[in-house]
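Raw contents of input32.tsv, TSV, C-alpha atoms and all ligand atoms:
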chain	number	residue	atom	x	y	z
A	214	MET	CA	45.58	39.22	-34.90
A	215	LYS	CA	46.18	35.53	-34.33
A	216	PHE	CA	43.08	33.65	-35.43
A	217	MET	CA	41.86	30.70	-33.40
A	218	GLU	CA	42.27	27.26	-34.90
A	219	PRO	CA	39.15	25.55	-36.29
A	220	VAL	CA	38.50	22.25	-34.52
A	221	THR	CA	36.50	19.09	-35.16
A	222	CYS	CA	35.08	17.24	-32.18
A	223	SER	CA	32.92	14.15	-32.58
A	224	VAL	CA	29.90	12.85	-30.75
A	225	ASP	CA	30.34	9.33	-29.41
A	226	VAL	CA	26.66	8.41	-29.10
A	227	PRO	CA	27.01	4.96	-27.46
A	228	GLY	CA	29.69	6.35	-25.11
A	229	GLY	CA	27.58	9.47	-24.48
A	230	GLU	CA	30.45	11.91	-24.76
A	231	LEU	CA	32.08	14.53	-26.95
A	232	ARG	CA	35.45	13.30	-28.17
A	233	GLY	CA	37.91	16.19	-28.17
A	234	ALA	CA	36.19	17.95	-25.25
A	235	SER	CA	38.24	20.36	-23.15
A	236	GLY	CA	36.40	19.60	-19.91
A	237	ARG	CA	34.14	17.13	-18.19
A	238	TYR	CA	32.19	16.80	-14.96
A	239	ARG	CA	29.93	14.22	-13.42
A	240	LYS	CA	26.99	14.50	-11.03
A	241	ALA	CA	26.23	11.53	-8.76
A	242	ILE	CA	23.28	10.96	-6.42
A	243	ARG	CA	25.20	12.60	-3.57
A	244	ASP	CA	25.41	15.87	-5.57
A	245	LEU	CA	21.67	16.11	-6.13
A	246	ALA	CA	20.26	16.55	-2.61
A	247	GLY	CA	17.15	18.71	-2.50
A	248	LEU	CA	16.17	18.17	-6.13
A	249	TYR	CA	13.58	15.45	-5.62
A	250	GLU	CA	10.26	15.67	-3.83
A	251	ASP	CA	10.40	12.32	-2.04
A	252	ALA	CA	13.02	12.87	0.69
A	253	ASP	CA	12.76	9.28	2.00
A	254	ALA	CA	13.31	7.82	-1.47
A	255	PHE	CA	16.29	10.15	-1.89
A	256	GLU	CA	17.77	9.02	1.46
A	257	ARG	CA	17.38	5.37	0.41
A	258	ALA	CA	19.06	6.03	-2.97
A	259	PHE	CA	21.77	8.07	-1.23
A	260	GLY	CA	22.42	5.25	1.25
A	261	GLU	CA	22.58	2.61	-1.45
A	262	TYR	CA	24.34	4.36	-4.31
A	263	ARG	CA	25.67	7.71	-3.28
A	264	GLU	CA	28.42	7.56	-5.94
A	265	LYS	CA	26.11	6.31	-8.72
A	266	PRO	CA	26.55	8.68	-11.67
A	267	VAL	CA	23.30	10.32	-12.74
A	268	TYR	CA	24.72	12.48	-15.51
A	269	GLU	CA	27.99	13.44	-17.08
A	270	VAL	CA	28.84	16.46	-19.25
A	271	THR	CA	31.73	16.73	-21.70
A	272	ALA	CA	32.20	20.06	-23.44
A	273	PHE	CA	34.51	21.90	-25.80
A	274	GLN	CA	34.98	25.50	-24.69
A	275	PRO	CA	37.39	27.43	-26.93
A	276	SER	CA	37.10	30.60	-24.80
A	277	SER	CA	34.55	32.45	-22.71
A	278	ALA	CA	34.31	35.40	-25.10
A	279	ALA	CA	30.96	36.88	-26.05
A	280	GLY	CA	30.41	35.68	-29.60
A	281	ASP	CA	32.12	32.34	-29.03
A	282	VAL	CA	30.17	29.12	-28.37
A	283	ILE	CA	30.43	26.14	-26.05
A	284	THR	CA	29.49	22.76	-27.52
A	285	GLY	CA	29.00	19.67	-25.42
A	286	VAL	CA	27.26	16.38	-24.77
A	287	THR	CA	25.29	15.29	-21.72
A	288	ARG	CA	24.70	11.62	-20.94
A	289	MET	CA	22.09	10.77	-18.31
A	290	SER	CA	21.30	7.37	-16.80
A	291	PRO	CA	17.72	6.12	-16.65
A	292	GLY	CA	16.17	5.96	-13.20
A	293	THR	CA	13.77	7.48	-10.70
A	294	ILE	CA	13.81	8.78	-7.14
A	295	GLY	CA	10.34	7.96	-5.85
A	296	ASP	CA	8.22	8.48	-8.96
A	297	GLU	CA	10.36	11.37	-10.26
A	298	TYR	CA	12.61	10.73	-13.24
A	299	PHE	CA	16.34	11.47	-13.15
A	300	MET	CA	17.03	15.05	-14.20
A	301	THR	CA	19.73	17.69	-14.42
A	302	ARG	CA	19.96	20.40	-11.74
A	303	GLY	CA	18.56	22.97	-14.17
A	304	HIS	CA	19.39	26.67	-14.45
A	305	ILE	CA	18.81	30.00	-16.11
A	306	HIS	CA	21.81	31.46	-17.88
A	307	ALA	CA	23.75	33.87	-15.66
A	308	ILE	CA	23.43	36.32	-18.56
A	309	ALA	CA	19.76	35.52	-18.75
A	310	ASP	CA	19.11	36.59	-22.34
A	311	ARG	CA	21.47	33.94	-23.73
A	312	SER	CA	19.67	31.17	-25.64
A	313	GLU	CA	20.69	27.56	-26.30
A	314	ILE	CA	20.15	24.69	-28.74
A	315	TYR	CA	19.79	21.07	-27.65
A	316	TYR	CA	19.93	18.20	-30.15
A	317	GLY	CA	18.77	14.69	-29.21
A	318	GLU	CA	21.23	11.86	-29.93
A	319	ALA	CA	19.83	8.83	-28.06
A	320	GLY	CA	17.12	7.90	-25.60
A	321	ASP	CA	13.84	9.44	-24.57
A	322	GLY	CA	14.04	12.82	-22.89
A	323	VAL	CA	11.94	15.77	-21.91
A	324	MET	CA	13.16	19.36	-21.74
A	325	LEU	CA	11.34	21.10	-18.92
A	326	LEU	CA	11.26	24.88	-19.29
A	327	GLU	CA	9.92	27.61	-17.06
A	328	SER	CA	9.68	31.33	-17.74
A	329	PRO	CA	10.54	33.77	-14.95
A	330	THR	CA	6.82	34.41	-14.47
A	331	GLY	CA	6.14	30.70	-14.02
A	332	GLU	CA	4.88	29.47	-17.38
A	333	THR	CA	5.85	25.81	-17.91
A	334	ARG	CA	6.64	23.96	-21.13
A	335	ALA	CA	7.67	20.32	-21.50
A	336	LEU	CA	9.11	19.45	-24.92
A	337	PRO	CA	10.25	16.07	-26.22
A	338	LEU	CA	14.00	15.56	-26.65
A	339	ARG	CA	14.49	12.46	-28.74
A	340	PRO	CA	17.04	11.56	-31.42
A	341	ARG	CA	17.19	14.30	-34.08
A	342	ASP	CA	14.90	16.66	-32.14
A	343	VAL	CA	16.27	20.20	-32.03
A	344	VAL	CA	15.01	22.10	-28.99
A	345	TYR	CA	15.41	25.86	-28.95
A	346	VAL	CA	15.71	27.33	-25.45
A	347	PRO	CA	14.82	31.02	-25.83
A	348	PRO	CA	16.38	33.83	-23.79
A	349	TYR	CA	15.25	33.97	-20.12
A	350	TRP	CA	13.85	30.41	-19.90
A	351	ILE	CA	14.95	28.21	-17.01
A	352	HIS	CA	15.71	24.75	-18.40
A	353	ARG	CA	16.41	21.23	-17.22
A	354	THR	CA	16.46	17.86	-18.99
A	355	VAL	CA	14.76	14.73	-17.74
A	356	ASN	CA	15.36	11.11	-18.76
A	357	VAL	CA	11.86	9.63	-19.08
A	358	GLY	CA	13.09	6.49	-20.86
A	359	THR	CA	14.59	3.18	-19.85
A	360	THR	CA	17.93	3.72	-21.63
A	361	GLU	CA	20.60	6.39	-21.46
A	362	LEU	CA	19.62	9.85	-22.66
A	363	VAL	CA	22.31	11.50	-24.79
A	364	PHE	CA	22.07	14.99	-26.27
A	365	LEU	CA	24.27	17.70	-27.74
A	366	PHE	CA	24.04	21.36	-26.67
A	367	VAL	CA	25.44	24.61	-28.05
A	368	TYR	CA	25.25	27.96	-26.27
A	369	PRO	CA	27.09	31.30	-26.07
A	370	ALA	CA	30.40	31.03	-24.27
A	371	ASP	CA	29.71	34.00	-21.99
A	372	ALA	CA	26.27	32.73	-20.85
A	373	GLY	CA	27.19	31.03	-17.55
A	374	GLN	CA	24.66	29.25	-15.33
A	375	ASP	CA	22.66	30.44	-12.31
A	376	TYR	CA	21.47	27.39	-10.36
A	377	GLY	CA	20.20	29.50	-7.44
A	378	ILE	CA	17.12	30.64	-9.34
A	379	ILE	CA	15.58	27.18	-8.91
A	380	GLU	CA	16.63	26.84	-5.26
A	381	ARG	CA	15.18	30.26	-4.43
A	382	SER	CA	11.75	29.26	-5.77
A	383	GLY	CA	11.68	25.86	-4.00
A	384	GLY	CA	12.28	23.98	-7.26
A	385	MET	CA	10.70	24.34	-10.68
A	386	ARG	CA	6.93	24.77	-10.74
A	387	SER	CA	6.32	21.33	-12.30
A	388	ARG	CA	7.86	17.93	-11.69
A	389	VAL	CA	8.20	15.21	-14.35
A	390	VAL	CA	6.91	11.98	-12.83
A	391	ASP	CA	5.97	8.44	-13.83
A	392	ASP	CA	2.32	8.36	-14.90
A	393	GLY	CA	1.89	4.86	-13.46
A	394	SER	CA	2.17	3.07	-16.80
A	395	GLY	CA	5.75	3.80	-17.75
A	396	GLY	CA	5.05	7.15	-19.39
A	397	TRP	CA	5.43	10.59	-17.88
A	398	THR	CA	3.22	13.39	-16.71
A	399	LEU	CA	3.66	16.76	-15.00
A	400	ARG	CA	2.77	17.24	-11.35
A	401	ALA	CA	2.62	20.58	-9.55
A	402	ASN	CA	5.52	21.11	-7.14
A	403	ALA	CA	3.94	21.82	-3.74
A	404	SER	CA	7.08	23.63	-2.55
A	405	TYR	CA	7.12	26.14	-5.43
A	406	VAL	CA	7.14	29.83	-4.50
A	407	ALA	CA	6.50	32.26	-7.36
A	408	ARG	CA	9.20	34.85	-8.12
A	409	THR	CA	8.55	38.39	-6.93
A	410	PRO	CA	8.39	41.28	-9.41
A	411	ALA	CA	11.76	42.47	-8.00
A	412	GLN	CA	13.35	39.05	-8.68
A	413	ILE	CA	12.02	39.15	-12.24
A	414	VAL	CA	13.31	42.69	-12.85
A	415	ALA	CA	16.73	41.63	-11.49
A	416	LEU	CA	17.04	39.21	-14.42
A	417	GLY	CA	17.35	42.24	-16.70
A	418	ILE	CA	14.05	41.61	-18.47
A	419	PRO	CA	13.22	44.63	-20.61
B	501	LIG	C1	24.43	24.65	-20.55
B	501	LIG	C2	23.38	23.61	-20.53
B	501	LIG	C3	23.80	22.17	-20.49
B	501	LIG	C4	23.67	21.67	-19.07
B	501	LIG	C5	24.00	20.21	-18.83
B	501	LIG	C6	23.93	19.86	-17.33
B	501	LIG	O1	23.92	25.93	-20.43
B	501	LIG	O2	22.21	23.89	-20.48
B	501	LIG	O3	25.10	22.03	-20.89
B	501	LIG	O4	24.57	22.46	-18.29
B	501	LIG	O5	23.09	19.42	-19.51
B	501	LIG	O6	22.81	20.42	-16.71
B	501	LIG	P1	22.96	21.36	-15.44
B	501	LIG	O7	23.90	22.44	-15.81
B	501	LIG	O8	21.57	21.89	-15.20
B	501	LIG	O9	23.47	20.53	-14.32
B	502	ZN	ZN	21.78	26.10	-20.35

What do you get writing this file as structure tokens?
Ligand code: F6R
Ligand code: ZN
Amino acid sequence: MKFMEPVTCSVDVPGGELRGASGRYRKAIRDLAGLYEDADAFERAFGEYREKPVYEVTAFQPSSAAGDVITGVTRMSPGTIGDEYFMTRGHIHAIADRSEIYYGEAGDGVMLLESPTGETRALPLRPRDVVYVPPYWIHRTVNVGTTELVFLFVYPADAGQDYGIIERSGGMRSRVVDDGSGGWTLRANASYVARTPAQIVALGIP
């Protein structure tokens, strides 16, 4: 057997990236249609800054083998669309029992989590916070600060992402919005449709 080479990558916190990453992608306003509640505010932002980067991911993926891990860094700009803070698209892992660790590097973030049956949790993601995303939890990160949010993540290399789970339910059950004094609060998403028992069973939940 030929063993894989050990590798050191390094987190560039001010640059918000993983040096030594094997891949990178960027999501701009134009890629995030349908995520935000305020459609008029989204149209205005789209008209003004359609190419404005909202977040960028750099990751080191040695392989996609079960038992291997993907390590990466996400950097997210501060900002809002209407009163809703910038956020990632969010997903459940395509192999839904795969868990994940997030580690805060810079900025003021919130990890919004939702179980298949609709329970919501919102956990702080600040420098040196370690957030454990358990199996089966839908997760998204939100920049509730005024500076860039930077965090590291590590998850199983065979996990994959299913973004459709959020689209199919009309978004996550809760939205992270400005509380009117620069902080954040959760607001119920009026478009949310609860998952059916068949949709929950299809996730492979024992
Ligand atoms: C991987 C993971 C993170 C996110 C990244 C971008 O499972 O949770 O690497 O993929 O922060 O968010 P999404 O994928 O929701 O656009
Ligand atoms: Zn994930």

Under the rule of at most 8 Å, produce a per-residue listing of range 312-377 of chain A near range 402-409 of chain A: chain, number, name, the closest pair of atoms, and the distance in Å, as JSON lines, using only C-alpha atoms.
{"residue": "A:Pro329", "atom": "CA", "partner": "A:Arg408", "partner_atom": "CA", "distance": 7.0}
{"residue": "A:Thr330", "atom": "CA", "partner": "A:Arg408", "partner_atom": "CA", "distance": 6.8}
{"residue": "A:Gly331", "atom": "CA", "partner": "A:Ala407", "partner_atom": "CA", "distance": 6.8}

What does the file look like for those residues with C-alpha atoms, as a PDB file, in the frame of the given file?
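See selection_20.pdb below for the written result:
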ATOM      1  CA  PRO A 329      10.540  33.770 -14.950  1.00  0.00           C
ATOM      2  CA  THR A 330       6.820  34.410 -14.470  1.00  0.00           C
ATOM      3  CA  GLY A 331       6.140  30.700 -14.020  1.00  0.00           C
TER       4      GLY A 331
END

Expected answer as a list in words: residues within 10 Å of ligand ZN 502 (chain B), only C-alpha atoms and all ligand atoms: Gly303, His304, Ile305, His306, Ala307, Ala309, Arg311, Ser312, Glu313, Ile314, Tyr315, Val346, Trp350, Ile351, His352, Arg353, Thr354, Phe366, Val367, Tyr368, Pro369, Ala372, Gly373, Gln374 and Asp375 of chain A

Have a look at A:Val357, A:Val390, A:Leu325, A:Leu362 and name the one nearest to Val344 in chain A; count only C-alpha atoms. A:Leu325

Six-sided padding of 4 Å per side, axis-aligned box over ligand LIG 501 (chain B), centre and edges in Å, one decimal, as AutoDock Vina command-line options:
--center_x 23.3 --center_y 22.7 --center_z -17.6 --size_x 11.5 --size_y 14.5 --size_z 14.6

For CA of Gly295 in chain A and CA of Arg388 in chain A, the interatomic separation in Å (one decimal):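 So the two atoms, CA of Gly295 in chain A and CA of Arg388 in chain A, lie 11.8 Å apart.
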
When distances are computed from only C-alpha atoms and all ligand atoms, which of A:Gly247, A:Gly280, A:Gly229, A:Gly285 shows the smallest separation from ligand LIG 501 (chain B)? A:Gly285

One decimal, in Å: what's the spacing between CA of Ile378 in chain A and CA of Ile308 in chain A?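 It comes out at 12.5 Å.
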
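When CA of Tyr345 in chain A is paired with CA of Val282 in chain A, their separation reads 15.1 Å.
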
Please return as a CSV table (one decimal) with C-alpha atoms, in the coordinates of the input every residue within 9 Å of (5.9, 9.9, -16.9), taking into account only C-alpha atoms and the file's own coordinates.
chain,number,residue,atom,x,y,z
A,296,ASP,CA,8.2,8.5,-9.0
A,297,GLU,CA,10.4,11.4,-10.3
A,298,TYR,CA,12.6,10.7,-13.2
A,357,VAL,CA,11.9,9.6,-19.1
A,358,GLY,CA,13.1,6.5,-20.9
A,389,VAL,CA,8.2,15.2,-14.4
A,390,VAL,CA,6.9,12.0,-12.8
A,391,ASP,CA,6.0,8.4,-13.8
A,392,ASP,CA,2.3,8.4,-14.9
A,393,GLY,CA,1.9,4.9,-13.5
A,394,SER,CA,2.2,3.1,-16.8
A,395,GLY,CA,5.8,3.8,-17.8
A,396,GLY,CA,5.0,7.2,-19.4
A,397,TRP,CA,5.4,10.6,-17.9
A,398,THR,CA,3.2,13.4,-16.7
A,399,LEU,CA,3.7,16.8,-15.0

Measuring between all atoms listed in the file, which one of A:Gly260, A:Gly322, A:Gly292, A:Gly233 shows the shortest distance to ligand LIG 501 (chain B)?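 Among A:Gly260, A:Gly322, A:Gly292, A:Gly233, it is A:Gly322 that comes nearest to ligand LIG 501 (chain B).
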
A:Asp321, A:Asp371, A:Asp310, A:Glu332: which is nearest Val355 in chain A, counting all atoms listed in the file?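 Distance minimum relative to Val355 in chain A lands on A:Asp321.
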
Might you pull out every residue within 12 Å of Pro219 in chain A, with all atoms listed in the file counted and same-chain residues fewer than 3 positions away left off, and present them as a list of chain:residue names?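 Selected residues are A:Phe216, A:Cys222, A:Pro275.
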
Residue selection dump (C-alpha atoms) as a CSV table (one decimal), keeping the file's coordinate frame:
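Contents of result09.csv, freshly written:
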chain,number,residue,atom,x,y,z
A,216,PHE,CA,43.1,33.6,-35.4
A,222,CYS,CA,35.1,17.2,-32.2
A,275,PRO,CA,37.4,27.4,-26.9

Which residue is closest to Val414 in chain A? Choose from A:Ile283, A:Tyr349, A:Ile294, A:Gly236 and count all atoms listed in the file.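 Result for the nearest residue to Val414 in chain A: A:Tyr349.
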
Using all atoms listed in the file: which of A:Ala411, A:Ala272, A:Ile418, A:Val343 has the shortest distance to ligand LIG 501 (chain B):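 Going through A:Ala411, A:Ala272, A:Ile418, A:Val343 one by one, the smallest distance to ligand LIG 501 (chain B) is for A:Ala272.
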